[in-house]
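So this block is model-v3.pdb, PDB, C-alpha atoms, pLDDT in the B column:
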MODEL        1
ATOM      1  CA  MET Y  85       0.000   0.000   0.000  1.00 45.00           C
ATOM      2  CA  LYS Y  86       2.834   2.381   0.867  1.00 44.00           C
ATOM      3  CA  THR Y  87       4.487   1.730  -2.514  1.00 43.00           C
ATOM      4  CA  HIS Y  88       1.202   2.364  -4.320  1.00 46.00           C
ATOM      5  CA  LYS Y  89       0.740   5.660  -2.501  1.00 48.00           C
ATOM      6  CA  THR Y  90       4.325   6.714  -3.249  1.00 42.00           C
ATOM      7  CA  VAL Y  91       3.813   6.104  -6.962  1.00 42.00           C
ATOM      8  CA  LEU Y  92       0.525   8.034  -6.868  1.00 45.00           C
ATOM      9  CA  LEU Y  93       2.196  10.913  -5.041  1.00 48.00           C
ATOM     10  CA  LEU Y  94       5.009  11.116  -7.611  1.00 43.00           C
ATOM     11  CA  ALA Y  95       2.479  11.093 -10.443  1.00 46.00           C
ATOM     12  CA  THR Y  96       0.422  13.864  -8.886  1.00 46.00           C
ATOM     13  CA  LEU Y  97       3.545  15.888  -8.151  1.00 46.00           C
ATOM     14  CA  GLY Y  98       4.165  16.007 -11.884  1.00 48.00           C
ATOM     15  CA  LEU Y  99       0.531  16.896 -12.491  1.00 48.00           C
ATOM     16  CA  SER Y 100       0.543  19.737  -9.965  1.00 44.00           C
ATOM     17  CA  THR Y 101       3.844  21.145 -11.213  1.00 43.00           C
ATOM     18  CA  ALA Y 102       2.559  21.241 -14.769  1.00 42.00           C
ATOM     19  CA  CYS Y 103      -0.646  22.963 -13.691  1.00 43.00           C
ATOM     20  CA  SER Y 104       0.921  25.487 -11.316  1.00 43.00           C
ATOM     21  CA  HIS Y 105       2.542  27.293 -14.241  1.00 43.00           C
ATOM     22  CA  THR Y 106      -0.756  27.994 -15.945  1.00 47.00           C
ATOM     23  CA  GLY Y 107      -2.771  31.020 -14.979  1.00 64.00           C
ATOM     24  CA  SER Y 108      -6.192  29.561 -15.634  1.00 90.00           C
ATOM     25  CA  PHE Y 109      -8.406  28.683 -12.677  1.00 92.00           C
ATOM     26  CA  VAL Y 110     -11.940  29.118 -11.420  1.00 92.00           C
ATOM     27  CA  TRP Y 111     -12.740  30.516  -7.982  1.00 93.00           C
ATOM     28  CA  ALA Y 112     -14.700  28.143  -5.766  1.00 88.00           C
ATOM     29  CA  LYS Y 113     -17.263  30.895  -5.169  1.00 86.00           C
ATOM     30  CA  ASP Y 114     -17.934  31.064  -8.922  1.00 84.00           C
ATOM     31  CA  LEU Y 115     -18.594  27.346  -9.366  1.00 83.00           C
ATOM     32  CA  PRO Y 116     -22.062  26.562 -10.749  1.00 79.00           C
ATOM     33  CA  ALA Y 117     -24.410  25.054  -8.176  1.00 70.00           C
ATOM     34  CA  SER Y 118     -24.738  21.964 -10.367  1.00 62.00           C
ATOM     35  CA  SER Y 119     -21.066  21.130  -9.821  1.00 66.00           C
ATOM     36  CA  LEU Y 120     -21.616  21.055  -6.052  1.00 60.00           C
ATOM     37  CA  SER Y 121     -24.571  18.714  -6.108  1.00 53.00           C
ATOM     38  CA  ASP Y 122     -23.978  15.111  -5.098  1.00 54.00           C
ATOM     39  CA  PRO Y 123     -23.653  13.099  -8.310  1.00 61.00           C
ATOM     40  CA  GLY Y 124     -24.520   9.939  -6.413  1.00 69.00           C
ATOM     41  CA  TYR Y 125     -22.187   7.171  -5.395  1.00 77.00           C
ATOM     42  CA  VAL Y 126     -19.876   5.840  -8.087  1.00 82.00           C
ATOM     43  CA  ILE Y 127     -18.387   2.369  -7.645  1.00 87.00           C
ATOM     44  CA  GLY Y 128     -14.606   2.154  -7.613  1.00 84.00           C
ATOM     45  CA  PRO Y 129     -11.741  -0.213  -6.779  1.00 84.00           C
ATOM     46  CA  GLY Y 130     -11.804  -1.425  -3.179  1.00 84.00           C
ATOM     47  CA  ASP Y 131     -15.597  -1.264  -2.788  1.00 88.00           C
ATOM     48  CA  LEU Y 132     -17.274  -4.394  -1.451  1.00 91.00           C
ATOM     49  CA  LEU Y 133     -20.559  -5.139  -3.234  1.00 94.00           C
ATOM     50  CA  GLN Y 134     -23.436  -7.471  -2.422  1.00 93.00           C
ATOM     51  CA  VAL Y 135     -25.196  -8.619  -5.588  1.00 94.00           C
ATOM     52  CA  ARG Y 136     -28.562 -10.352  -5.194  1.00 93.00           C
ATOM     53  CA  VAL Y 137     -30.612 -11.970  -7.955  1.00 93.00           C
ATOM     54  CA  TRP Y 138     -34.246 -12.480  -7.003  1.00 91.00           C
ATOM     55  CA  ASN Y 139     -35.216 -16.150  -6.767  1.00 85.00           C
ATOM     56  CA  ASP Y 140     -31.673 -17.386  -7.517  1.00 85.00           C
ATOM     57  CA  GLU Y 141     -29.028 -16.920  -4.840  1.00 83.00           C
ATOM     58  CA  THR Y 142     -26.431 -18.868  -6.851  1.00 85.00           C
ATOM     59  CA  LEU Y 143     -26.123 -16.056  -9.416  1.00 85.00           C
ATOM     60  CA  GLY Y 144     -25.177 -13.328  -6.943  1.00 88.00           C
ATOM     61  CA  GLY Y 145     -22.866 -12.990  -3.971  1.00 90.00           C
ATOM     62  CA  ARG Y 146     -20.356 -10.651  -2.349  1.00 92.00           C
ATOM     63  CA  ALA Y 147     -17.620  -9.270  -4.565  1.00 92.00           C
ATOM     64  CA  LYS Y 148     -14.775  -6.812  -4.009  1.00 92.00           C
ATOM     65  CA  VAL Y 149     -13.980  -4.461  -6.879  1.00 92.00           C
ATOM     66  CA  ARG Y 150     -10.458  -5.196  -8.073  1.00 91.00           C
ATOM     67  CA  SER Y 151      -7.864  -2.614  -9.098  1.00 89.00           C
ATOM     68  CA  ASP Y 152      -8.898  -3.153 -12.753  1.00 94.00           C
ATOM     69  CA  GLY Y 153     -12.453  -2.017 -11.889  1.00 92.00           C
ATOM     70  CA  ARG Y 154     -14.006  -5.469 -12.308  1.00 94.00           C
ATOM     71  CA  ILE Y 155     -15.701  -8.092 -10.170  1.00 95.00           C
ATOM     72  CA  SER Y 156     -16.243 -11.809 -10.760  1.00 92.00           C
ATOM     73  CA  LEU Y 157     -19.734 -13.297 -10.643  1.00 91.00           C
ATOM     74  CA  PRO Y 158     -21.064 -16.811 -11.308  1.00 85.00           C
ATOM     75  CA  PHE Y 159     -21.954 -17.415 -14.992  1.00 82.00           C
ATOM     76  CA  LEU Y 160     -20.855 -13.896 -15.973  1.00 87.00           C
ATOM     77  CA  ASP Y 161     -17.155 -14.177 -15.038  1.00 83.00           C
ATOM     78  CA  ASP Y 162     -15.525 -10.730 -15.065  1.00 92.00           C
ATOM     79  CA  VAL Y 163     -17.863  -7.735 -15.075  1.00 94.00           C
ATOM     80  CA  SER Y 164     -16.664  -4.138 -15.431  1.00 94.00           C
ATOM     81  CA  VAL Y 165     -18.297  -2.088 -12.649  1.00 94.00           C
ATOM     82  CA  ALA Y 166     -16.052   0.931 -11.941  1.00 89.00           C
ATOM     83  CA  GLY Y 167     -17.700   4.249 -12.761  1.00 85.00           C
ATOM     84  CA  LEU Y 168     -21.248   2.933 -12.413  1.00 90.00           C
ATOM     85  CA  SER Y 169     -23.741   3.683  -9.661  1.00 89.00           C
ATOM     86  CA  PRO Y 170     -25.142   0.630  -7.825  1.00 92.00           C
ATOM     87  CA  ASP Y 171     -28.496   1.128  -9.616  1.00 93.00           C
ATOM     88  CA  LYS Y 172     -26.910   1.319 -13.071  1.00 94.00           C
ATOM     89  CA  LEU Y 173     -24.860  -1.777 -12.332  1.00 95.00           C
ATOM     90  CA  ALA Y 174     -28.009  -3.647 -11.284  1.00 94.00           C
ATOM     91  CA  ARG Y 175     -29.706  -2.744 -14.583  1.00 95.00           C
ATOM     92  CA  ALA Y 176     -26.609  -3.794 -16.576  1.00 94.00           C
ATOM     93  CA  LEU Y 177     -26.482  -7.136 -14.750  1.00 94.00           C
ATOM     94  CA  GLU Y 178     -30.155  -7.740 -15.520  1.00 94.00           C
ATOM     95  CA  VAL Y 179     -29.357  -7.394 -19.221  1.00 93.00           C
ATOM     96  CA  ARG Y 180     -26.382  -9.763 -18.922  1.00 91.00           C
ATOM     97  CA  LEU Y 181     -28.383 -12.347 -16.953  1.00 91.00           C
ATOM     98  CA  ALA Y 182     -31.319 -12.375 -19.361  1.00 88.00           C
ATOM     99  CA  GLY Y 183     -29.730 -15.344 -21.119  1.00 79.00           C
ATOM    100  CA  TYR Y 184     -29.820 -17.400 -17.908  1.00 81.00           C
ATOM    101  CA  VAL Y 185     -32.947 -16.202 -16.087  1.00 84.00           C
ATOM    102  CA  ASN Y 186     -36.407 -15.125 -17.219  1.00 87.00           C
ATOM    103  CA  THR Y 187     -36.877 -11.399 -16.389  1.00 88.00           C
ATOM    104  CA  PRO Y 188     -34.068 -11.255 -13.815  1.00 91.00           C
ATOM    105  CA  ARG Y 189     -34.379  -8.741 -10.969  1.00 93.00           C
ATOM    106  CA  VAL Y 190     -31.050  -7.647  -9.525  1.00 94.00           C
ATOM    107  CA  THR Y 191     -30.161  -5.463  -6.545  1.00 94.00           C
ATOM    108  CA  VAL Y 192     -26.669  -4.176  -5.783  1.00 94.00           C
ATOM    109  CA  ALA Y 193     -25.810  -2.966  -2.281  1.00 91.00           C
ATOM    110  CA  LEU Y 194     -22.611  -1.274  -1.150  1.00 87.00           C
ATOM    111  CA  GLU Y 195     -21.388  -3.197   1.909  1.00 85.00           C
ATOM    112  CA  GLU Y 196     -18.061  -1.504   2.362  1.00 76.00           C
ATOM    113  CA  GLU Y 197     -17.095   1.811   0.816  1.00 72.00           C
ATOM    114  CA  LYS Y 198     -13.498   2.606  -0.045  1.00 73.00           C
ATOM    115  CA  LEU Y 199     -12.325   5.883   1.413  1.00 80.00           C
ATOM    116  CA  VAL Y 200     -11.724   8.864  -0.863  1.00 84.00           C
ATOM    117  CA  SER Y 201      -8.012   8.965  -1.721  1.00 88.00           C
ATOM    118  CA  VAL Y 202      -6.741  12.555  -2.111  1.00 94.00           C
ATOM    119  CA  SER Y 203      -3.213  13.871  -2.651  1.00 97.00           C
ATOM    120  CA  VAL Y 204      -2.187  16.975  -0.673  1.00 98.00           C
ATOM    121  CA  LEU Y 205       0.929  18.744  -1.951  1.00 97.00           C
ATOM    122  CA  GLY Y 206       2.878  21.980  -1.686  1.00 97.00           C
ATOM    123  CA  GLU Y 207       3.149  24.156   1.418  1.00 98.00           C
ATOM    124  CA  VAL Y 208       1.698  21.729   3.962  1.00 98.00           C
ATOM    125  CA  ALA Y 209       3.436  20.089   6.920  1.00 98.00           C
ATOM    126  CA  LYS Y 210       3.113  16.518   5.639  1.00 98.00           C
ATOM    127  CA  PRO Y 211       2.549  16.217   1.882  1.00 98.00           C
ATOM    128  CA  GLY Y 212       1.176  12.841   0.876  1.00 97.00           C
ATOM    129  CA  VAL Y 213      -1.828  10.777  -0.106  1.00 96.00           C
ATOM    130  CA  TYR Y 214      -4.642  10.651   2.461  1.00 96.00           C
ATOM    131  CA  ASP Y 215      -7.742   8.503   2.736  1.00 91.00           C
ATOM    132  CA  LEU Y 216     -10.691  10.688   3.747  1.00 92.00           C
ATOM    133  CA  THR Y 217     -14.261   9.789   4.542  1.00 85.00           C
ATOM    134  CA  ALA Y 218     -16.806  10.442   1.810  1.00 78.00           C
ATOM    135  CA  GLY Y 219     -18.113  14.010   1.909  1.00 80.00           C
ATOM    136  CA  SER Y 220     -14.859  15.552   3.166  1.00 90.00           C
ATOM    137  CA  GLY Y 221     -13.917  19.052   2.067  1.00 93.00           C
ATOM    138  CA  VAL Y 222     -10.645  20.923   1.538  1.00 96.00           C
ATOM    139  CA  LEU Y 223     -10.221  21.751   5.246  1.00 95.00           C
ATOM    140  CA  GLN Y 224     -10.278  18.057   6.200  1.00 95.00           C
ATOM    141  CA  ALA Y 225      -7.600  17.350   3.584  1.00 97.00           C
ATOM    142  CA  LEU Y 226      -5.399  20.170   4.889  1.00 97.00           C
ATOM    143  CA  ALA Y 227      -5.862  19.008   8.474  1.00 96.00           C
ATOM    144  CA  SER Y 228      -4.850  15.462   7.506  1.00 97.00           C
ATOM    145  CA  ALA Y 229      -1.645  16.886   6.019  1.00 97.00           C
ATOM    146  CA  GLY Y 230      -0.803  18.693   9.258  1.00 97.00           C
ATOM    147  CA  GLY Y 231      -1.979  22.124   8.143  1.00 96.00           C
ATOM    148  CA  MET Y 232      -0.332  24.814   6.041  1.00 97.00           C
ATOM    149  CA  THR Y 233       3.276  25.936   6.534  1.00 97.00           C
ATOM    150  CA  PRO Y 234       4.159  29.533   7.519  1.00 96.00           C
ATOM    151  CA  TRP Y 235       5.248  30.126   3.909  1.00 96.00           C
ATOM    152  CA  ALA Y 236       1.912  29.144   2.382  1.00 97.00           C
ATOM    153  CA  SER Y 237      -0.162  31.727   0.505  1.00 96.00           C
ATOM    154  CA  SER Y 238      -3.512  31.953   2.245  1.00 95.00           C
ATOM    155  CA  ASP Y 239      -5.320  32.737  -1.014  1.00 95.00           C
ATOM    156  CA  ARG Y 240      -3.577  30.203  -3.264  1.00 97.00           C
ATOM    157  CA  ILE Y 241      -5.156  26.878  -2.304  1.00 97.00           C
ATOM    158  CA  PHE Y 242      -6.118  24.840  -5.346  1.00 98.00           C
ATOM    159  CA  VAL Y 243      -7.975  21.625  -6.059  1.00 96.00           C
ATOM    160  CA  LEU Y 244      -7.005  19.955  -9.320  1.00 96.00           C
ATOM    161  CA  ARG Y 245      -9.865  17.902 -10.677  1.00 91.00           C
ATOM    162  CA  ARG Y 246      -9.809  15.988 -13.935  1.00 82.00           C
ATOM    163  CA  ALA Y 247     -13.235  15.453 -15.484  1.00 71.00           C
ATOM    164  CA  GLY Y 248     -13.834  12.674 -17.986  1.00 62.00           C
ATOM    165  CA  GLY Y 249     -12.199  13.330 -21.342  1.00 59.00           C
ATOM    166  CA  GLU Y 250     -10.406  16.528 -20.288  1.00 66.00           C
ATOM    167  CA  ALA Y 251      -6.733  16.741 -21.253  1.00 72.00           C
ATOM    168  CA  ARG Y 252      -5.959  19.144 -18.405  1.00 84.00           C
ATOM    169  CA  PRO Y 253      -7.458  19.175 -14.926  1.00 88.00           C
ATOM    170  CA  THR Y 254      -9.641  22.062 -13.801  1.00 90.00           C
ATOM    171  CA  ARG Y 255      -7.943  24.267 -11.182  1.00 96.00           C
ATOM    172  CA  ILE Y 256     -10.393  25.389  -8.492  1.00 95.00           C
ATOM    173  CA  ARG Y 257      -9.080  28.145  -6.233  1.00 96.00           C
ATOM    174  CA  PHE Y 258      -9.880  28.670  -2.552  1.00 96.00           C
ATOM    175  CA  THR Y 259      -8.825  31.087   0.160  1.00 96.00           C
ATOM    176  CA  GLU Y 260      -8.053  30.078   3.731  1.00 95.00           C
ATOM    177  CA  GLU Y 261     -10.478  32.716   5.026  1.00 94.00           C
ATOM    178  CA  ALA Y 262     -13.400  31.454   2.927  1.00 93.00           C
ATOM    179  CA  LEU Y 263     -12.730  27.874   4.039  1.00 93.00           C
ATOM    180  CA  ALA Y 264     -12.319  28.752   7.718  1.00 90.00           C
ATOM    181  CA  HIS Y 265     -15.468  30.901   7.831  1.00 89.00           C
ATOM    182  CA  ALA Y 266     -17.518  28.618   5.564  1.00 84.00           C
ATOM    183  CA  GLU Y 267     -18.059  31.466   3.124  1.00 77.00           C
ATOM    184  CA  ASP Y 268     -19.651  31.268  -0.330  1.00 81.00           C
ATOM    185  CA  ARG Y 269     -19.511  27.867  -2.042  1.00 85.00           C
ATOM    186  CA  SER Y 270     -16.179  26.858  -0.554  1.00 89.00           C
ATOM    187  CA  ALA Y 271     -17.961  25.204   2.382  1.00 83.00           C
ATOM    188  CA  ALA Y 272     -20.222  23.161   0.108  1.00 85.00           C
ATOM    189  CA  PHE Y 273     -17.344  21.814  -1.992  1.00 90.00           C
ATOM    190  CA  ARG Y 274     -16.717  18.077  -1.552  1.00 89.00           C
ATOM    191  CA  LEU Y 275     -13.573  16.267  -2.606  1.00 90.00           C
ATOM    192  CA  ARG Y 276     -13.739  13.280  -4.936  1.00 85.00           C
ATOM    193  CA  ARG Y 277     -11.475  10.341  -5.635  1.00 80.00           C
ATOM    194  CA  GLY Y 278      -8.387  11.431  -7.520  1.00 85.00           C
ATOM    195  CA  ASP Y 279      -8.560  15.124  -6.537  1.00 92.00           C
ATOM    196  CA  VAL Y 280      -5.246  16.820  -5.814  1.00 97.00           C
ATOM    197  CA  VAL Y 281      -5.045  19.637  -3.255  1.00 98.00           C
ATOM    198  CA  VAL Y 282      -2.118  22.005  -3.838  1.00 98.00           C
ATOM    199  CA  VAL Y 283      -1.102  24.830  -1.502  1.00 98.00           C
ATOM    200  CA  GLU Y 284       1.249  27.390  -3.065  1.00 96.00           C
TER     201      GLU Y 284
ENDMDL
END

Whole structure given in structure tokens:
Amino acid sequence: MKTHKTVLLLATLGLSTACSHTGSFVWAKDLPASSLSDPGYVIGPGDLLQVRVWNDETLGGRAKVRSDGRISLPFLDDVSVAGLSPDKLARALEVRLAGYVNTPRVTVALEEEKLVSVSVLGEVAKPGVYDLTAGSGVLQALASAGGMTPWASSDRIFVLRRAGGEARPTRIRFTEEALAHAEDRSAAFRLRRGDVVVVE
């Protein structure tokens, strides 16, 4: 696990360095409300799922999502699940199982949720990769990294977030004051898997 986190940290260091030289960013207070809404849970590696097929227990079972984003199920072998919500996965499994069961009804429950892995870099006491509980914000990430150093710029706190298909991550800018006083939309911002917090 430590080796994995070291590799991830080195990769994100390169990402943050490349992005810190660009002037483009969006202030957290200017984010559209739609970007702050909860998109719903998305399955990812490390999640433990319980798959149940109505009237046929042999087709379901408990399955942990592997690092390749797949799980193994009876009759279906490997199934790609990463990036889907539990409901969407259930519907996809119903389609796949139609060849084995008449009108299959599938439910997918999340038994164990992997923590949100976030990299915290730059002017913080302990740069690194931290596992945060779902729903954590920028302040929780900074606290996990031991807080900001005396040399940190209080108005140059960034979250780098890569959306699907984007070549470059979006740089979202925060100020320490807005975070500490829960001002504007900074307080409503929630970190996601793969986000990188950079303090300059």

Residues in the PyMOL selection byres ((chain Y and resi 163-174) around 8), expressed as a PyMOL selection string = chain Y and resi 124-129+149+153-157+160-162+175-178+190-194

Residues returned when the PyMOL selection byres ((chain Y and resi 209) around 10) runs on this file, as a list in words = Val204, Leu205, Gly206, Glu207, Val208, Lys210, Pro211, Gly212, Leu226, Ala227, Ser228, Ala229, Gly230, Gly231, Met232, Thr233 and Pro234 of chain Y

Best match for closeness to Pro253 of chain Y among Y:Ala236, Y:Asp279, Y:Ala182, Y:Lys198, counting only C-alpha atoms |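 The answer is Y:Asp279, which sits nearest to Pro253 of chain Y.
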
Using all atoms listed in the file, which residue out of Y:Phe109, Y:Phe242, Y:Ala117, Y:Ser203 lies closest to Ala272 of chain Y?
->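 Of Y:Phe109, Y:Phe242, Y:Ala117, Y:Ser203, the one nearest Ala272 of chain Y is Y:Ala117, counting all atoms listed in the file.
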
Hey, can you check how far atom CA of Arg252 of chain Y sits from atom CA of Asp215 of chain Y?
->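 Between these atoms lies a distance of 23.7 Å.
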
Rounded to one decimal place, report the atom CA of Arg274 of chain Y-atom CA of Ala218 of chain Y distance in Å.
-> 8.3 Å

Let me have the centre and edge lengths of the axis-aligned box enclosing all listed atoms of segment 264-272 of chain Y with 6 Å padding on every side, in Å to one decimal, as JSON.
{"center_x": -16.3, "center_y": 27.3, "center_z": 2.9, "size_x": 19.9, "size_y": 20.3, "size_z": 21.9}

Separation of atom CA of Asp131 of chain Y from atom CA of Val200 of chain Y, in Å and rounded to one decimal |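 Calculated distance between atom CA of Asp131 of chain Y and atom CA of Val200 of chain Y is 11.0 Å.
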
Residue members of the PyMOL selection byres ((chain Y and resi 270) around 12) in the file shown, as a PyMOL selection string = chain Y and resi 110-117+119-120+220-223+241-243+256-269+271-275

Could you write out that same residue set with C-alpha atoms as a PDB file, in the frame of the given file?
ATOM      1  CA  VAL Y 110     -11.940  29.118 -11.420  1.00 92.00           C
ATOM      2  CA  TRP Y 111     -12.740  30.516  -7.982  1.00 93.00           C
ATOM      3  CA  ALA Y 112     -14.700  28.143  -5.766  1.00 88.00           C
ATOM      4  CA  LYS Y 113     -17.263  30.895  -5.169  1.00 86.00           C
ATOM      5  CA  ASP Y 114     -17.934  31.064  -8.922  1.00 84.00           C
ATOM      6  CA  LEU Y 115     -18.594  27.346  -9.366  1.00 83.00           C
ATOM      7  CA  PRO Y 116     -22.062  26.562 -10.749  1.00 79.00           C
ATOM      8  CA  ALA Y 117     -24.410  25.054  -8.176  1.00 70.00           C
ATOM      9  CA  SER Y 119     -21.066  21.130  -9.821  1.00 66.00           C
ATOM     10  CA  LEU Y 120     -21.616  21.055  -6.052  1.00 60.00           C
ATOM     11  CA  SER Y 220     -14.859  15.552   3.166  1.00 90.00           C
ATOM     12  CA  GLY Y 221     -13.917  19.052   2.067  1.00 93.00           C
ATOM     13  CA  VAL Y 222     -10.645  20.923   1.538  1.00 96.00           C
ATOM     14  CA  LEU Y 223     -10.221  21.751   5.246  1.00 95.00           C
ATOM     15  CA  ILE Y 241      -5.156  26.878  -2.304  1.00 97.00           C
ATOM     16  CA  PHE Y 242      -6.118  24.840  -5.346  1.00 98.00           C
ATOM     17  CA  VAL Y 243      -7.975  21.625  -6.059  1.00 96.00           C
ATOM     18  CA  ILE Y 256     -10.393  25.389  -8.492  1.00 95.00           C
ATOM     19  CA  ARG Y 257      -9.080  28.145  -6.233  1.00 96.00           C
ATOM     20  CA  PHE Y 258      -9.880  28.670  -2.552  1.00 96.00           C
ATOM     21  CA  THR Y 259      -8.825  31.087   0.160  1.00 96.00           C
ATOM     22  CA  GLU Y 260      -8.053  30.078   3.731  1.00 95.00           C
ATOM     23  CA  GLU Y 261     -10.478  32.716   5.026  1.00 94.00           C
ATOM     24  CA  ALA Y 262     -13.400  31.454   2.927  1.00 93.00           C
ATOM     25  CA  LEU Y 263     -12.730  27.874   4.039  1.00 93.00           C
ATOM     26  CA  ALA Y 264     -12.319  28.752   7.718  1.00 90.00           C
ATOM     27  CA  HIS Y 265     -15.468  30.901   7.831  1.00 89.00           C
ATOM     28  CA  ALA Y 266     -17.518  28.618   5.564  1.00 84.00           C
ATOM     29  CA  GLU Y 267     -18.059  31.466   3.124  1.00 77.00           C
ATOM     30  CA  ASP Y 268     -19.651  31.268  -0.330  1.00 81.00           C
ATOM     31  CA  ARG Y 269     -19.511  27.867  -2.042  1.00 85.00           C
ATOM     32  CA  ALA Y 271     -17.961  25.204   2.382  1.00 83.00           C
ATOM     33  CA  ALA Y 272     -20.222  23.161   0.108  1.00 85.00           C
ATOM     34  CA  PHE Y 273     -17.344  21.814  -1.992  1.00 90.00           C
ATOM     35  CA  ARG Y 274     -16.717  18.077  -1.552  1.00 89.00           C
ATOM     36  CA  LEU Y 275     -13.573  16.267  -2.606  1.00 90.00           C
TER      37      LEU Y 275
END

With all atoms listed in the file as the basis for distance, which of Y:Arg189, Y:Glu195, Y:Arg240, Y:Ser201 is at the shortest distance from Lys148 of chain Y?
-> Y:Glu195

Which is closer to Thr217 of chain Y than all the others in Y:Leu199, Y:Val283, Y:Ala251, Y:Val179, using all atoms listed in the file?
->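 Selected residue with least distance to Thr217 of chain Y: Y:Leu199.
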
Tell me which protein, DNA and RNA residues are within 12 Å of Val185 of chain Y, counting only C-alpha atoms, leaving out same-chain ones fewer than 6 positions away, and put them as a list in words.
->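 Near neighbours after the sequence-gap exclusion: Val137, Trp138, Asn139, Asp140, Glu141, Thr142, Leu143, Phe159, Leu177, Glu178 and Val179 of chain Y.
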